[in-house]
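Contents: one structure, followed by commentary.
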Amino acid sequence: MMETKIRERQYIINTYNRRPDFTLHIKRGEGVYVWDEKGNRYLDFVTGLAVNNLGHCHPAVVAAICNQAKKLMHTSNLYYTEPQVKLAELLVQHTPADKVFFCNSGAEANEAAIKLARKLGKKRRGEQAHAVITAENSFHGRTLATITATGQPKYRKGFEPLMPGFRYGRFNDLESFAGLVDDETCAVMVEPVQGEGGVYPATAGFLQGLRQLCDEHGLLLIFDEVQCGMGRSGKLLAGQVYGVEPDLFTLAKALGGGLPIGALGAKGEAADVLVPGDHASTFGGNPVTCAAAVAVMETLLESGFLSRVEKMGEYLADKLRQMGTAVPGIREVRGLGLMMGVEIEGDAAAAAAGCQEKGLLINAIGGRTLRLLPPLTVEEEHIDAAVQVIQDVLKS
Ligand SMILES: *Cc1c(COP(=O)(O)O)cnc(C)c1O
């Protein structure tokens with residue numbers, strides 16, 4: 001059989017720009033490590049893009065998947081299944097949501113949020129109210145509505161005409177958002193920590209101000225927690241770090257512990273806006289993905305787990321800041337919890353490649369920023385090792 005890397009070029013549409021000379025072929029993962037096809041071990045600070053928050057193949061998640069797969073894998077939403085209801089119950093108990101809707105990805109969860117916001121907006125503010133204000137530099141997904149919600153032109157180029165009804169404010173600039181509110185507005189949607197845009201945490205004043213702005217005008221406040229949610233901030237949801245409750249929030253990435261699942265959480269009046277026939281998803285709330293997500297939730301909610309994430313986040317931030325003063329060419333260290341960005345003067349992709357050669361997987365975004373997304377189970381020794389590698393690479 002020909003090598004995977006060669007066959008990939010022939011059979012897979014080239015949207016990811018994988019390079020046979022550089023891109024790893026990963027065979028196995030366990031905890032904070034993955035192994036490539038040659039048996040080389042790597043410390044994984046990419047975690048499948050903030051998906052494997054409990055590390056690779058966490059035993060509780062593996063057991064939940066195997067047990068459920070043996071019993072029932074799929075029914076559609078024509079029927080009741082227990083894992084789906086159990087997951088919804090856990091989410092409602094531990095987040096601002098009163099009810100949830102399940103789907104399969106972050107983009108799909110955001111689509112559901114946008115549909116719900118339009119429907120409630122029309123009811124509250126009149127037929128013309130349909131527009132969502134999002135932030136410049138944001139990322140909300142790759143469907144037509146969510147690339148339009150995404151405040152980065154590069155994701156939209158070539159796919160026009162775009163979905164009408166999006167306006168863009170400057171992130172962390174409340175005045176700029178306030179200035180965009182008019183009769184057509186139905187909601188404001190932001191990431192509490194911008195992820196793909198370069199790891200920019202919101203300020204508390206900004207999120208609190210958005211809450212007030214939305215209340216004044218009868219708008220829905222939507223938090224896209226797809227990347228910063230599920231414990232990464234040190235709280236279950238990043239919004240909880242700021243003490244701000246949205247009307248809607250979306251989850252995906254880490255929710256399924258490695259299986260694809262998305263969720264929309266809705267609070268108060270918003271929880272009863274969508275009615276039978278309004279929205280659906282064939283795989284949404286699938287028993288296997290929900291069983292995995294229940295195991296993820298139960299692990300995150302174990303006593304001491306999230307406070308440990310907060311501590312590890314502080315430890316990582318301290319280490320990176322120390323490195324920032326010791327190594328020239330580091331412009332900024334920023335982030336929240338175990339979601340950190342290191343902005344450098346040089347080429348971040350080249351630095352990430354250097355780290356990979358030294359056994360650390362790390363992600364480069366936006367040309368100049370190294371993004372660190374370690375598993376939430378990371379220990380001090382792993383952080384020490386990772387920061388040492390980054391420092392060695394940046395020094396050379
Ligand atoms: C990854 C991401 C999405 C899109 O999620 P998919 O599962 O890839 O559709 C949406 N919002 C944010 C903040 C993300 O990081």
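Residue numbering restarts at 1 for every chain of the structure tokens, chains are lettered A, B, ... in their displayed order, and ligands are numbered from 1 as they appear.
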
List as CSV every residue of chain A that is in contact with ligand 1, defined as an atom at most 10 Å from one of its atoms (using only C-alpha atoms and all ligand atoms), together with the nearest atom pair and the distance in Å rounded to one decimal, sorted by chain and then rising number.
```
residue,atom,partner,partner_atom_place_in_ligand_line,distance
A:Leu49,CA,ligand 1,1 (C),7.5
A:Ala50,CA,ligand 1,15 (O),8.1
A:Val51,CA,ligand 1,1 (C),9.3
A:Cys103,CA,ligand 1,7 (O),10.0
A:Asn104,CA,ligand 1,7 (O),7.3
A:Ser105,CA,ligand 1,7 (O),3.7
A:Gly106,CA,ligand 1,5 (O),3.3
A:Ala107,CA,ligand 1,9 (O),3.6
A:Glu108,CA,ligand 1,9 (O),6.2
A:Ala109,CA,ligand 1,9 (O),7.9
A:Asn110,CA,ligand 1,10 (C),7.0
A:Glu111,CA,ligand 1,9 (O),9.7
A:Ser138,CA,ligand 1,13 (C),7.5
A:Phe139,CA,ligand 1,12 (C),5.3
A:His140,CA,ligand 1,11 (N),3.7
A:Gly141,CA,ligand 1,4 (C),3.9
A:Arg142,CA,ligand 1,9 (O),6.4
A:Thr143,CA,ligand 1,9 (O),7.8
A:Thr146,CA,ligand 1,10 (C),8.0
A:Ile147,CA,ligand 1,10 (C),9.6
A:Ala149,CA,ligand 1,11 (N),10.0
A:Thr150,CA,ligand 1,11 (N),8.7
A:Val190,CA,ligand 1,13 (C),8.4
A:Glu191,CA,ligand 1,13 (C),5.9
A:Pro192,CA,ligand 1,13 (C),8.8
A:Val193,CA,ligand 1,13 (C),8.1
A:Gln194,CA,ligand 1,13 (C),6.6
A:Gly195,CA,ligand 1,15 (O),5.6
A:Glu196,CA,ligand 1,15 (O),6.0
A:Gly197,CA,ligand 1,15 (O),9.0
A:Phe223,CA,ligand 1,13 (C),9.0
A:Asp224,CA,ligand 1,13 (C),5.5
A:Glu225,CA,ligand 1,13 (C),6.0
A:Val226,CA,ligand 1,12 (C),4.7
A:Gln227,CA,ligand 1,15 (O),4.2
A:Cys228,CA,ligand 1,13 (C),7.1
A:Gly229,CA,ligand 1,13 (C),9.0
A:Thr250,CA,ligand 1,11 (N),8.1
A:Leu251,CA,ligand 1,11 (N),8.2
A:Ala252,CA,ligand 1,7 (O),5.9
A:Lys253,CA,ligand 1,7 (O),5.8
A:Ala254,CA,ligand 1,7 (O),9.6
A:Pro260,CA,ligand 1,7 (O),7.6
A:Ile261,CA,ligand 1,7 (O),7.9
A:Gly262,CA,ligand 1,7 (O),7.2
```

- Among stretch 81-182 of chain A, which residues carry a DSSP assignment of strand (DSSP E or B), reported as number ranges by chain? A: 99-103, 131-136, 151, 166-169

- Determine which residues of stretch 18-98 of chain A DSSP labels as helix (DSSP H, G or I) from the backbone of this structure, then write them out as a PyMOL selection string. chain A and resi 47-50+59-71+82-94

Could those residues be written to a file, using N, CA and C atoms, as an mmCIF file, in the first residue's frame?
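Dumped everything to result.cif:
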```
data_model
loop_
_atom_site.group_PDB
_atom_site.id
_atom_site.type_symbol
_atom_site.label_atom_id
_atom_site.label_comp_id
_atom_site.auth_asym_id
_atom_site.auth_seq_id
_atom_site.Cartn_x
_atom_site.Cartn_y
_atom_site.Cartn_z
ATOM 1 N N THR A 47 -3.779 19.869 20.642
ATOM 2 C CA THR A 47 -4.972 19.116 21.095
ATOM 3 C C THR A 47 -6.105 19.121 20.069
ATOM 4 N N GLY A 48 -5.739 18.809 18.815
ATOM 5 C CA GLY A 48 -6.783 18.721 17.792
ATOM 6 C C GLY A 48 -7.579 20.006 17.676
ATOM 7 N N LEU A 49 -6.893 21.136 17.875
ATOM 8 C CA LEU A 49 -7.524 22.463 17.883
ATOM 9 C C LEU A 49 -8.549 22.598 19.026
ATOM 10 N N ALA A 50 -8.050 22.476 20.225
ATOM 11 C CA ALA A 50 -8.873 22.692 21.434
ATOM 12 C C ALA A 50 -10.010 21.679 21.560
ATOM 13 N N PRO A 59 -9.474 7.636 29.519
ATOM 14 C CA PRO A 59 -10.166 6.370 29.793
ATOM 15 C C PRO A 59 -11.673 6.504 30.021
ATOM 16 N N ALA A 60 -12.109 7.571 30.679
ATOM 17 C CA ALA A 60 -13.552 7.732 30.939
ATOM 18 C C ALA A 60 -14.314 7.954 29.629
ATOM 19 N N VAL A 61 -13.702 8.684 28.706
ATOM 20 C CA VAL A 61 -14.354 8.972 27.428
ATOM 21 C C VAL A 61 -14.361 7.705 26.566
ATOM 22 N N VAL A 62 -13.234 7.011 26.530
ATOM 23 C CA VAL A 62 -13.140 5.764 25.754
ATOM 24 C C VAL A 62 -14.182 4.754 26.256
ATOM 25 N N ALA A 63 -14.287 4.619 27.568
ATOM 26 C CA ALA A 63 -15.243 3.658 28.135
ATOM 27 C C ALA A 63 -16.679 4.041 27.786
ATOM 28 N N ALA A 64 -16.978 5.325 27.877
ATOM 29 C CA ALA A 64 -18.341 5.787 27.579
ATOM 30 C C ALA A 64 -18.692 5.497 26.121
ATOM 31 N N ILE A 65 -17.738 5.748 25.225
ATOM 32 C CA ILE A 65 -17.989 5.515 23.794
ATOM 33 C C ILE A 65 -18.181 4.020 23.531
ATOM 34 N N CYS A 66 -17.286 3.200 24.070
ATOM 35 C CA CYS A 66 -17.361 1.753 23.812
ATOM 36 C C CYS A 66 -18.658 1.175 24.369
ATOM 37 N N ASN A 67 -19.013 1.548 25.584
ATOM 38 C CA ASN A 67 -20.240 1.019 26.189
ATOM 39 C C ASN A 67 -21.467 1.412 25.390
ATOM 40 N N GLN A 68 -21.524 2.680 24.989
ATOM 41 C CA GLN A 68 -22.706 3.137 24.254
ATOM 42 C C GLN A 68 -22.749 2.517 22.854
ATOM 43 N N ALA A 69 -21.575 2.394 22.211
ATOM 44 C CA ALA A 69 -21.530 1.852 20.838
ATOM 45 C C ALA A 69 -22.052 0.418 20.808
ATOM 46 N N LYS A 70 -21.855 -0.302 21.881
ATOM 47 C CA LYS A 70 -22.338 -1.695 21.940
ATOM 48 C C LYS A 70 -23.858 -1.768 22.109
ATOM 49 N N LYS A 71 -24.440 -0.692 22.679
ATOM 50 C CA LYS A 71 -25.883 -0.721 22.971
ATOM 51 C C LYS A 71 -26.721 -0.113 21.856
ATOM 52 N N GLU A 82 -31.488 8.321 26.173
ATOM 53 C CA GLU A 82 -31.065 8.816 27.488
ATOM 54 C C GLU A 82 -29.780 9.659 27.458
ATOM 55 N N PRO A 83 -28.719 9.264 26.710
ATOM 56 C CA PRO A 83 -27.485 10.075 26.789
ATOM 57 C C PRO A 83 -27.720 11.540 26.411
ATOM 58 N N GLN A 84 -28.582 11.778 25.414
ATOM 59 C CA GLN A 84 -28.877 13.141 24.977
ATOM 60 C C GLN A 84 -29.508 13.955 26.106
ATOM 61 N N VAL A 85 -30.483 13.356 26.785
ATOM 62 C CA VAL A 85 -31.191 14.074 27.847
ATOM 63 C C VAL A 85 -30.262 14.292 29.042
ATOM 64 N N LYS A 86 -29.447 13.270 29.325
ATOM 65 C CA LYS A 86 -28.486 13.370 30.435
ATOM 66 C C LYS A 86 -27.493 14.517 30.200
ATOM 67 N N LEU A 87 -26.998 14.618 28.955
ATOM 68 C CA LEU A 87 -26.049 15.692 28.630
ATOM 69 C C LEU A 87 -26.721 17.056 28.749
ATOM 70 N N ALA A 88 -27.939 17.165 28.248
ATOM 71 C CA ALA A 88 -28.673 18.434 28.332
ATOM 72 C C ALA A 88 -28.869 18.836 29.792
ATOM 73 N N GLU A 89 -29.220 17.850 30.618
ATOM 74 C CA GLU A 89 -29.447 18.094 32.042
ATOM 75 C C GLU A 89 -28.165 18.641 32.697
ATOM 76 N N LEU A 90 -27.030 18.018 32.394
ATOM 77 C CA LEU A 90 -25.751 18.471 32.958
ATOM 78 C C LEU A 90 -25.422 19.886 32.504
ATOM 79 N N LEU A 91 -25.646 20.164 31.219
ATOM 80 C CA LEU A 91 -25.346 21.501 30.702
ATOM 81 C C LEU A 91 -26.228 22.546 31.365
ATOM 82 N N VAL A 92 -27.513 22.230 31.515
ATOM 83 C CA VAL A 92 -28.432 23.195 32.130
ATOM 84 C C VAL A 92 -28.064 23.422 33.606
ATOM 85 N N GLN A 93 -27.643 22.345 34.285
ATOM 86 C CA GLN A 93 -27.298 22.487 35.702
ATOM 87 C C GLN A 93 -26.042 23.354 35.913
ATOM 88 N N HIS A 94 -25.147 23.387 34.935
ATOM 89 C CA HIS A 94 -23.843 24.016 35.180
ATOM 90 C C HIS A 94 -23.515 25.211 34.292
#
```

- Message: Quick one: residues within 12 Å of A:Gly304, only C-alpha atoms, excluding same-chain residues fewer than 6 positions away - as a list of chain:residue names?
- Response: A:Gly231, A:Gly234, A:Lys235, A:Glu310, A:Lys311, A:Thr377

- Pick from A:Thr289, A:Gln356, A:Thr95, A:Asn137 nearest to A:Gln152, counting only C-alpha atoms: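 The closest residue to A:Gln152 is A:Asn137.
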
- Message: Which residues are close to A:Arg118, i.e. within 8 Å by only C-alpha atoms, leaving aside same-chain residues fewer than 3 positions away? Reply as a PyMOL selection string.
- Response: chain A and resi 114-115+121-122+129-131+186-187

- Extract, using only C-alpha atoms, all DNA, RNA and protein residues at most 8 Å from stretch 297-301 of chain A, discarding same-chain residues fewer than 2 positions from it, and format them as a PyMOL selection string. chain A and resi 60+90+230-231+236+255+293-295+303+305-306

Just to be explicit: take each residue in the selection above, keep all heavy atoms, and write the result as a PDB file, in the first residue's frame.
```
ATOM      1  N   ALA A  60     -12.109   7.571  30.679  1.00  0.00           N
ATOM      2  CA  ALA A  60     -13.552   7.732  30.939  1.00  0.00           C
ATOM      3  C   ALA A  60     -14.314   7.954  29.629  1.00  0.00           C
ATOM      4  O   ALA A  60     -15.436   7.457  29.456  1.00  0.00           O
ATOM      5  CB  ALA A  60     -13.788   8.906  31.895  1.00  0.00           C
ATOM      6  N   LEU A  90     -27.030  18.018  32.394  1.00  0.00           N
ATOM      7  CA  LEU A  90     -25.751  18.471  32.958  1.00  0.00           C
ATOM      8  C   LEU A  90     -25.422  19.886  32.504  1.00  0.00           C
ATOM      9  O   LEU A  90     -24.954  20.723  33.288  1.00  0.00           O
ATOM     10  CB  LEU A  90     -24.619  17.530  32.523  1.00  0.00           C
ATOM     11  CG  LEU A  90     -24.439  16.257  33.327  1.00  0.00           C
ATOM     12  CD1 LEU A  90     -23.424  15.335  32.646  1.00  0.00           C
ATOM     13  CD2 LEU A  90     -23.971  16.583  34.749  1.00  0.00           C
ATOM     14  N   MET A 230     -15.743  24.825  27.676  1.00  0.00           N
ATOM     15  CA  MET A 230     -15.393  23.469  28.139  1.00  0.00           C
ATOM     16  C   MET A 230     -14.114  23.439  28.979  1.00  0.00           C
ATOM     17  O   MET A 230     -13.251  22.581  28.794  1.00  0.00           O
ATOM     18  CB  MET A 230     -15.310  22.504  26.961  1.00  0.00           C
ATOM     19  CG  MET A 230     -16.632  22.284  26.255  1.00  0.00           C
ATOM     20  SD  MET A 230     -18.000  21.896  27.373  1.00  0.00           S
ATOM     21  CE  MET A 230     -17.605  20.239  27.897  1.00  0.00           C
ATOM     22  N   GLY A 231     -14.032  24.378  29.912  1.00  0.00           N
ATOM     23  CA  GLY A 231     -12.983  24.327  30.925  1.00  0.00           C
ATOM     24  C   GLY A 231     -11.684  25.004  30.562  1.00  0.00           C
ATOM     25  O   GLY A 231     -10.812  25.176  31.418  1.00  0.00           O
ATOM     26  N   LEU A 236     -16.039  26.402  33.518  1.00  0.00           N
ATOM     27  CA  LEU A 236     -16.657  25.586  32.466  1.00  0.00           C
ATOM     28  C   LEU A 236     -16.830  26.423  31.197  1.00  0.00           C
ATOM     29  O   LEU A 236     -16.454  26.001  30.099  1.00  0.00           O
ATOM     30  CB  LEU A 236     -17.997  25.025  32.948  1.00  0.00           C
ATOM     31  CG  LEU A 236     -18.636  24.018  32.007  1.00  0.00           C
ATOM     32  CD1 LEU A 236     -17.759  22.799  31.795  1.00  0.00           C
ATOM     33  CD2 LEU A 236     -20.004  23.599  32.529  1.00  0.00           C
ATOM     34  N   LEU A 255     -16.412  19.591  23.519  1.00  0.00           N
ATOM     35  CA  LEU A 255     -17.591  19.023  24.178  1.00  0.00           C
ATOM     36  C   LEU A 255     -17.635  17.499  24.072  1.00  0.00           C
ATOM     37  O   LEU A 255     -17.976  16.812  25.040  1.00  0.00           O
ATOM     38  CB  LEU A 255     -18.868  19.661  23.592  1.00  0.00           C
ATOM     39  CG  LEU A 255     -20.225  19.166  24.088  1.00  0.00           C
ATOM     40  CD1 LEU A 255     -20.376  19.337  25.601  1.00  0.00           C
ATOM     41  CD2 LEU A 255     -21.358  19.915  23.375  1.00  0.00           C
ATOM     42  N   ALA A 293     -19.715  13.048  25.570  1.00  0.00           N
ATOM     43  CA  ALA A 293     -19.781  14.389  26.152  1.00  0.00           C
ATOM     44  C   ALA A 293     -20.182  14.354  27.629  1.00  0.00           C
ATOM     45  O   ALA A 293     -19.704  15.160  28.427  1.00  0.00           O
ATOM     46  CB  ALA A 293     -20.749  15.260  25.352  1.00  0.00           C
ATOM     47  N   VAL A 294     -21.047  13.408  27.997  1.00  0.00           N
ATOM     48  CA  VAL A 294     -21.408  13.258  29.418  1.00  0.00           C
ATOM     49  C   VAL A 294     -20.145  12.908  30.222  1.00  0.00           C
ATOM     50  O   VAL A 294     -19.889  13.483  31.290  1.00  0.00           O
ATOM     51  CB  VAL A 294     -22.496  12.177  29.608  1.00  0.00           C
ATOM     52  CG1 VAL A 294     -22.622  11.766  31.077  1.00  0.00           C
ATOM     53  CG2 VAL A 294     -23.841  12.691  29.090  1.00  0.00           C
ATOM     54  N   ALA A 295     -19.320  12.004  29.679  1.00  0.00           N
ATOM     55  CA  ALA A 295     -18.071  11.639  30.370  1.00  0.00           C
ATOM     56  C   ALA A 295     -17.137  12.847  30.484  1.00  0.00           C
ATOM     57  O   ALA A 295     -16.486  13.057  31.510  1.00  0.00           O
ATOM     58  CB  ALA A 295     -17.383  10.492  29.639  1.00  0.00           C
ATOM     59  N   SER A 303     -14.496  17.450  41.515  1.00  0.00           N
ATOM     60  CA  SER A 303     -14.008  18.464  42.439  1.00  0.00           C
ATOM     61  C   SER A 303     -12.508  18.712  42.221  1.00  0.00           C
ATOM     62  O   SER A 303     -11.717  17.778  42.140  1.00  0.00           O
ATOM     63  CB  SER A 303     -14.321  17.996  43.856  1.00  0.00           C
ATOM     64  OG  SER A 303     -13.311  18.377  44.725  1.00  0.00           O
ATOM     65  N   PHE A 305     -10.988  19.843  39.559  1.00  0.00           N
ATOM     66  CA  PHE A 305     -10.461  19.792  38.183  1.00  0.00           C
ATOM     67  C   PHE A 305     -10.278  21.200  37.605  1.00  0.00           C
ATOM     68  O   PHE A 305      -9.193  21.560  37.134  1.00  0.00           O
ATOM     69  CB  PHE A 305     -11.383  18.959  37.275  1.00  0.00           C
ATOM     70  CG  PHE A 305     -10.785  18.716  35.904  1.00  0.00           C
ATOM     71  CD1 PHE A 305     -10.135  17.525  35.615  1.00  0.00           C
ATOM     72  CD2 PHE A 305     -10.849  19.698  34.914  1.00  0.00           C
ATOM     73  CE1 PHE A 305      -9.556  17.309  34.358  1.00  0.00           C
ATOM     74  CE2 PHE A 305     -10.269  19.487  33.653  1.00  0.00           C
ATOM     75  CZ  PHE A 305      -9.636  18.295  33.386  1.00  0.00           C
ATOM     76  N   LEU A 306     -11.345  22.007  37.675  1.00  0.00           N
ATOM     77  CA  LEU A 306     -11.269  23.321  37.034  1.00  0.00           C
ATOM     78  C   LEU A 306     -10.350  24.284  37.790  1.00  0.00           C
ATOM     79  O   LEU A 306      -9.665  25.100  37.165  1.00  0.00           O
ATOM     80  CB  LEU A 306     -12.672  23.917  36.870  1.00  0.00           C
ATOM     81  CG  LEU A 306     -13.535  23.209  35.800  1.00  0.00           C
ATOM     82  CD1 LEU A 306     -14.974  23.708  35.841  1.00  0.00           C
ATOM     83  CD2 LEU A 306     -12.946  23.391  34.400  1.00  0.00           C
TER      84      LEU A 306
END
```

Stretch 132-244 of chain A near stretch 318-340 of chain A within 7 Å: what's each residue's closest atom pair and its distance in Å to one decimal, counting only C-alpha atoms, ordered by chain then ascending residue number, as a tab-separated table?
```
residue	atom	partner	partner_atom	distance
A:Val199	CA	A:Gly335	CA	5.8
A:Tyr200	CA	A:Gly335	CA	6.2
A:Pro201	CA	A:Gly335	CA	5.8
A:Arg232	CA	A:Leu338	CA	5.5
A:Ser233	CA	A:Gly337	CA	4.2
A:Gly234	CA	A:Gly337	CA	5.4
```

Would you mind exporting N, CA and C atoms of the selected residues as a PDB file, in the first residue's frame?
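Below is the file that was written, again-v1.pdb:
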```
ATOM      1  N   VAL A 199      -5.839  34.744  19.673  1.00  0.00           N
ATOM      2  CA  VAL A 199      -5.894  34.615  21.139  1.00  0.00           C
ATOM      3  C   VAL A 199      -5.954  35.998  21.810  1.00  0.00           C
ATOM      4  N   TYR A 200      -7.080  36.639  21.668  1.00  0.00           N
ATOM      5  CA  TYR A 200      -7.322  37.931  22.318  1.00  0.00           C
ATOM      6  C   TYR A 200      -8.460  37.800  23.317  1.00  0.00           C
ATOM      7  N   PRO A 201      -8.171  37.877  24.621  1.00  0.00           N
ATOM      8  CA  PRO A 201      -9.265  37.836  25.597  1.00  0.00           C
ATOM      9  C   PRO A 201     -10.041  39.153  25.586  1.00  0.00           C
ATOM     10  N   ARG A 232     -11.524  25.397  29.318  1.00  0.00           N
ATOM     11  CA  ARG A 232     -10.213  25.926  28.889  1.00  0.00           C
ATOM     12  C   ARG A 232      -9.827  27.199  29.632  1.00  0.00           C
ATOM     13  N   SER A 233     -10.820  27.974  30.032  1.00  0.00           N
ATOM     14  CA  SER A 233     -10.538  29.249  30.709  1.00  0.00           C
ATOM     15  C   SER A 233     -10.267  29.069  32.200  1.00  0.00           C
ATOM     16  N   GLY A 234     -10.522  27.863  32.716  1.00  0.00           N
ATOM     17  CA  GLY A 234     -10.449  27.656  34.164  1.00  0.00           C
ATOM     18  C   GLY A 234     -11.842  27.604  34.789  1.00  0.00           C
TER      19      GLY A 234
END
```

Write out as a short mmCIF file (atom, residue, chain, number, x, y, z; two decimals) with C-alpha atoms, in the first residue's frame each polymer residue whose atoms come within 10 Å of A:Ala204, counting only C-alpha atoms; drop sequence neighbours fewer than 4 positions from it.
```
data_model
loop_
_atom_site.label_atom_id
_atom_site.label_comp_id
_atom_site.auth_asym_id
_atom_site.auth_seq_id
_atom_site.Cartn_x
_atom_site.Cartn_y
_atom_site.Cartn_z
CA ASN A 172 -13.03 45.34 23.13
CA PRO A 192 -15.14 35.83 25.11
CA GLN A 208 -20.30 43.70 30.86
CA GLY A 209 -20.96 46.70 28.61
CA LEU A 210 -22.31 44.44 25.85
CA GLY A 239 -18.17 33.89 30.19
CA VAL A 241 -14.68 34.08 34.31
CA TYR A 242 -16.10 37.50 33.49
CA GLY A 243 -19.32 37.00 35.46
CA VAL A 244 -21.40 37.79 32.37
#
```

- Of the candidates A:Leu78, A:Ala353, A:Val342, A:Leu220, which one gets nearest to A:Thr282 if we count only C-alpha atoms?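 That would be A:Leu78, the residue with the smallest distance to A:Thr282.
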
- Task: Could you give me, as a PyMOL selection string, the residues within 7 Å of A:Pro375, counting only C-alpha atoms and dropping anything in the same chain fewer than 5 positions from it?
- Result: chain A and resi 32+45+47+52-55

- Just how far from atom CA of A:Ala292 is atom CA of A:Glu37, in Å to one decimal?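 Distance reported for this atom pair: 26.8 Å.
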
- Message: Rounded to one decimal, what separation in Å do you get between atom CA of A:Phe249 and atom CA of A:Arg124?
- Response: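 Atom-to-atom, atom CA of A:Phe249 and atom CA of A:Arg124 are spaced 19.4 Å apart.
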
- Task: Rank nothing, just name the residue among A:Arg7, A:Arg41, A:Arg308, A:Lys154 nearest to A:Glu380, using only C-alpha atoms.
- Result: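 Among A:Arg7, A:Arg41, A:Arg308, A:Lys154, it is A:Arg308 that comes nearest to A:Glu380.
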
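Take the candidates A:Val46, A:Gly31, A:Lys267, A:Asn286 and check each one against A:Ala352 using only C-alpha atoms; the shortest distance goes to A:Val46.
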